[in-house]
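Notes for the one structure printed next.
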Amino acid sequence: MDFVQFSIFASMEKNKTGIATVVKHTGSHYMLSRLPAWDVFPAVITGKLRLKDFNSTNPIAVGDRVEFESPEGGGTSVIKSILPRKNCIIRKSANLSRQSHVIASNLDRVFLVVTLKHPEVKMQFVDRFLVTCQAYNVPVTILINKTDLYGEEEKPRVEKLKEIYGKAGYEIMELSAATGENTGLLKEACKGRIVLFSGQSGVGKSSIINALDPALTLRTEEISEYHLQGKHTTTFYEMHPLSSGGFVIDMPGIRGFGLVNVAKEELSTYFPEMLRVEDDCRFIPCTHTHEPGCAVKEAVEKGMISVERYESYLGMLEEEGKYR
């Protein structure tokens with residue numbers, strides 16, 4: 001081996017490279033793991049990579065697969081590049097100087113957790129979240145949590161919610177993290193997958209994850225009696241391995257969900273029940289608002305598309321990008 005060959009070989013030994021998944025993100029610090037193994041180790045990003053995606057508050061998200069380089073003898077690894085994402089959940093950032101914030105990426109399924117009380121479900125929030133899942137190719141299931149709190153008064157509301165979103169084509173599951181109702185089915189749905197639990201503050205995301213795997217003991221808090229809404233108990237994005245198999249991402253609760261890069265002329269295509277019939281509209285493109293011979297409006301009149309979902313669609317059209 002000549003001197004040049006030896007130098008190249010020594011350099012490769014000194015800085016080991018590999019592919020791993022981001023499992024935790026706190027500020028500019030990351031934790032990686034070579035899934036499906038759970039061998040967590042720290043990493044940082046270079047200034048060049050930090051500036052690459054200037055339209056996002058976070059160039060790297062939990063779930064991203066990245067190429068890393070590790071120094072000899074351990075220490076903190078450096079993330080060199082991000083592999084292409086198969087999908088992601090993204091929303092308009094609360095930071096007005098930036099355009100968007102990526103919540104998580106490369107997801108096998110998202111579970112959107114909603115509750116009818118403490119806190120009460122906000123349909124606008126749900127519909128914006130679902131539009132984003134459709135736009136960015138993320139499979140989603142709606143979880144109606146806290147069923148143990150619902151009496152006769154809430155039962156018709158539960159059925160109405162199931163009718164609205166079932167008719168649209170979404171999978172819906174009722175469960176109670178407190179009593180364990182249907183947590184076994186949910187555990188099966190998570191096996192071998194990377195899943196995200198999302199929803200408004202206080203809907204019980206961390207409690208559900210604890211019910212799936214009590215060994216995780218994620219922090220939870222009681223609902224604020226004064227505001228009748230949840231408090232933020234998760235303060236950063238983090239992936240956890242489930243003892244029954246699979247990986248789950250916990251995230252802070254969110255109160256608003258702004259759409260990113262969803263053009264008005266494409267919005268209806270992200271409502272599955274509208275997409276199924278809009279090719280039958282007399283005029284194409286059709287905004288489904290005032291045009292004669294609109295198949296979507298006809299489907300609403302016949303009860304094939306819920307009035308609530310149609311009104312949500314109209315609200316998004318009118319807001320001119322100011323989704324909250």
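Chain labels A, B, ... are given in the sequence in which chains occur in the structure tokens; within each chain residues are numbered consecutively from 1, and ligands are likewise numbered from 1 in the order shown.
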Practice item. Excluding Lys92 in chain A and residues on its chain fewer than 6 positions from it, collect all residues at most 8 Å away from it, counting only C-alpha atoms, and give them as number ranges by chain. Key: A: 99-101, 257-260
Mind dumping the selected residues with C-alpha atoms as a PDB file, in the first residue's frame?
```
ATOM      1  CA  GLN A  99     -42.877  29.990   5.796  1.00  0.00           C
ATOM      2  CA  SER A 100     -43.316  26.546   7.287  1.00  0.00           C
ATOM      3  CA  HIS A 101     -42.476  24.031   9.989  1.00  0.00           C
ATOM      4  CA  PHE A 257     -52.879  24.460  11.740  1.00  0.00           C
ATOM      5  CA  GLY A 258     -51.998  26.598   8.734  1.00  0.00           C
ATOM      6  CA  LEU A 259     -51.790  25.067   5.274  1.00  0.00           C
ATOM      7  CA  VAL A 260     -48.550  25.282   3.285  1.00  0.00           C
TER       8      VAL A 260
END
```
Check your understanding: Excluding same-chain residues fewer than 3 positions from range 278-284 of chain A, what lies within 7 Å of it counting only C-alpha atoms, as a list in words?
Key ->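 So the residues in contact are Met274, Leu275, Gly293, Cys294, Ala295 and Val296 of chain A.
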Practice item. Please identify all polymer residues within 8 Å of Asp250 in chain A, counting only C-alpha atoms, omitting same-chain residues fewer than 3 positions from it, and present them as a PyMOL selection string. Key: chain A and resi 196-198+205-206+209+234+237-240
Exercise for review: DSSP on the backbone, then: every residue of range 59-307 of chain A marked strand (DSSP E), written as JSON, numbers by chain.
Suggested key: {"A": [65, 66, 67, 68, 69, 70, 71, 77, 78, 79, 80, 81, 82, 88, 89, 90, 91, 92, 100, 101, 102, 103, 104, 105, 109, 110, 111, 112, 113, 114, 140, 141, 142, 143, 144, 171, 172, 173, 174, 194, 195, 196, 197, 198, 199, 237, 238, 239, 240, 241, 247, 248, 249, 250]}
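With only C-alpha atoms taken into account, the protein and nucleic acid residues at most 10 Å from Gln124 in chain A (excluding it and anything under 4 positions from it in its own chain) are Arg128, Phe129, Leu130, Gly256, Phe257, Glu308, Arg309, Glu311, Ser312, Tyr313, Gly315, Met316, Tyr323 and Arg324 of chain A.
Proximity ranking of A:Phe125, A:Gly184, A:Tyr165, A:Ile103 relative to Ser56 in chain A places A:Ile103 first, based on only C-alpha atoms.
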From a DSSP calculation on the backbone, collect every residue of range 95-280 of chain A in alpha helix (DSSP H) and output the set as a PDB file with C-alpha atoms, in the first residue's frame.
```
ATOM      1  CA  MET A 123     -63.641  20.874  12.860  1.00  0.00           C
ATOM      2  CA  GLN A 124     -61.619  23.542  11.062  1.00  0.00           C
ATOM      3  CA  PHE A 125     -58.442  22.248  12.702  1.00  0.00           C
ATOM      4  CA  VAL A 126     -59.296  18.655  11.783  1.00  0.00           C
ATOM      5  CA  ASP A 127     -60.066  19.483   8.163  1.00  0.00           C
ATOM      6  CA  ARG A 128     -56.867  21.494   7.675  1.00  0.00           C
ATOM      7  CA  PHE A 129     -54.833  18.672   9.143  1.00  0.00           C
ATOM      8  CA  LEU A 130     -56.546  16.143   6.865  1.00  0.00           C
ATOM      9  CA  VAL A 131     -55.959  18.329   3.803  1.00  0.00           C
ATOM     10  CA  THR A 132     -52.248  18.390   4.642  1.00  0.00           C
ATOM     11  CA  CYS A 133     -52.195  14.592   4.989  1.00  0.00           C
ATOM     12  CA  GLN A 134     -53.788  14.277   1.539  1.00  0.00           C
ATOM     13  CA  ALA A 135     -51.475  16.862  -0.012  1.00  0.00           C
ATOM     14  CA  LYS A 155     -73.201   9.743  21.843  1.00  0.00           C
ATOM     15  CA  PRO A 156     -75.090  11.392  18.930  1.00  0.00           C
ATOM     16  CA  ARG A 157     -72.140  13.767  18.436  1.00  0.00           C
ATOM     17  CA  VAL A 158     -69.751  10.810  18.267  1.00  0.00           C
ATOM     18  CA  GLU A 159     -71.940   9.153  15.643  1.00  0.00           C
ATOM     19  CA  LYS A 160     -72.182  12.406  13.688  1.00  0.00           C
ATOM     20  CA  LEU A 161     -68.399  12.778  13.672  1.00  0.00           C
ATOM     21  CA  LYS A 162     -68.022   9.193  12.478  1.00  0.00           C
ATOM     22  CA  GLU A 163     -70.609   9.779   9.753  1.00  0.00           C
ATOM     23  CA  ILE A 164     -68.933  12.960   8.465  1.00  0.00           C
ATOM     24  CA  TYR A 165     -65.438  11.532   8.203  1.00  0.00           C
ATOM     25  CA  GLY A 166     -66.442   7.972   7.406  1.00  0.00           C
ATOM     26  CA  LYS A 167     -68.417   9.276   4.437  1.00  0.00           C
ATOM     27  CA  ALA A 168     -65.325  11.192   3.344  1.00  0.00           C
ATOM     28  CA  THR A 183     -55.768   0.210  22.826  1.00  0.00           C
ATOM     29  CA  GLY A 184     -55.020  -3.405  21.856  1.00  0.00           C
ATOM     30  CA  LEU A 185     -56.252  -2.729  18.307  1.00  0.00           C
ATOM     31  CA  LEU A 186     -54.205   0.452  18.197  1.00  0.00           C
ATOM     32  CA  LYS A 187     -51.112  -1.405  19.363  1.00  0.00           C
ATOM     33  CA  GLU A 188     -51.530  -3.860  16.484  1.00  0.00           C
ATOM     34  CA  ALA A 189     -51.892  -0.958  14.047  1.00  0.00           C
ATOM     35  CA  CYS A 190     -48.536   0.431  15.204  1.00  0.00           C
ATOM     36  CA  LYS A 205     -51.691  11.973  22.937  1.00  0.00           C
ATOM     37  CA  SER A 206     -49.108  11.179  25.629  1.00  0.00           C
ATOM     38  CA  SER A 207     -51.689   9.217  27.637  1.00  0.00           C
ATOM     39  CA  ILE A 208     -52.458   7.084  24.591  1.00  0.00           C
ATOM     40  CA  ILE A 209     -48.777   6.367  24.012  1.00  0.00           C
ATOM     41  CA  ASN A 210     -48.358   5.440  27.695  1.00  0.00           C
ATOM     42  CA  ALA A 211     -51.318   3.064  27.338  1.00  0.00           C
ATOM     43  CA  LEU A 212     -49.624   1.425  24.348  1.00  0.00           C
ATOM     44  CA  PRO A 272     -61.401  12.732  -1.046  1.00  0.00           C
ATOM     45  CA  GLU A 273     -65.202  12.871  -1.249  1.00  0.00           C
ATOM     46  CA  MET A 274     -65.003  15.845  -3.649  1.00  0.00           C
ATOM     47  CA  LEU A 275     -62.250  14.281  -5.725  1.00  0.00           C
TER      48      LEU A 275
END
```
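The two atoms in question, CA of Arg91 in chain A and CA of Asn58 in chain A, are spaced 11.6 Å apart.
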For range 131-210 of chain A versus range 82-88 of chain A, which residues have an atom no more than 7 Å away, and what is each residue's nearest atom pair and distance in Å rounded to one decimal, using only C-alpha atoms, chain-then-number order, as CSV?
```
residue,atom,partner,partner_atom,distance
A:Tyr136,CA,A:Asn87,CA,5.6
A:Asn137,CA,A:Asn87,CA,5.7
A:Val138,CA,A:Asn87,CA,6.1
```
Emit the selected residues as a PDB file, in the first residue's frame, including N, CA and C atoms.
```
ATOM      1  N   TYR A 136     -49.663  15.782   1.198  1.00  0.00           N
ATOM      2  CA  TYR A 136     -48.291  15.292   1.357  1.00  0.00           C
ATOM      3  C   TYR A 136     -48.218  13.772   1.502  1.00  0.00           C
ATOM      4  N   ASN A 137     -49.306  13.087   1.091  1.00  0.00           N
ATOM      5  CA  ASN A 137     -49.285  11.625   0.942  1.00  0.00           C
ATOM      6  C   ASN A 137     -49.031  10.889   2.257  1.00  0.00           C
ATOM      7  N   VAL A 138     -49.740  11.301   3.318  1.00  0.00           N
ATOM      8  CA  VAL A 138     -49.596  10.661   4.626  1.00  0.00           C
ATOM      9  C   VAL A 138     -50.895   9.935   4.989  1.00  0.00           C
TER      10      VAL A 138
END
```
Exercise for review: Would you list the contacts of Ser176 in chain A as an MDAnalysis selection string, taking every protein, DNA or RNA residue within 6 Å and counting only C-alpha atoms, but skipping same-chain residues closer than 6 positions in sequence?
Suggested key: chainID A and resid 145:147
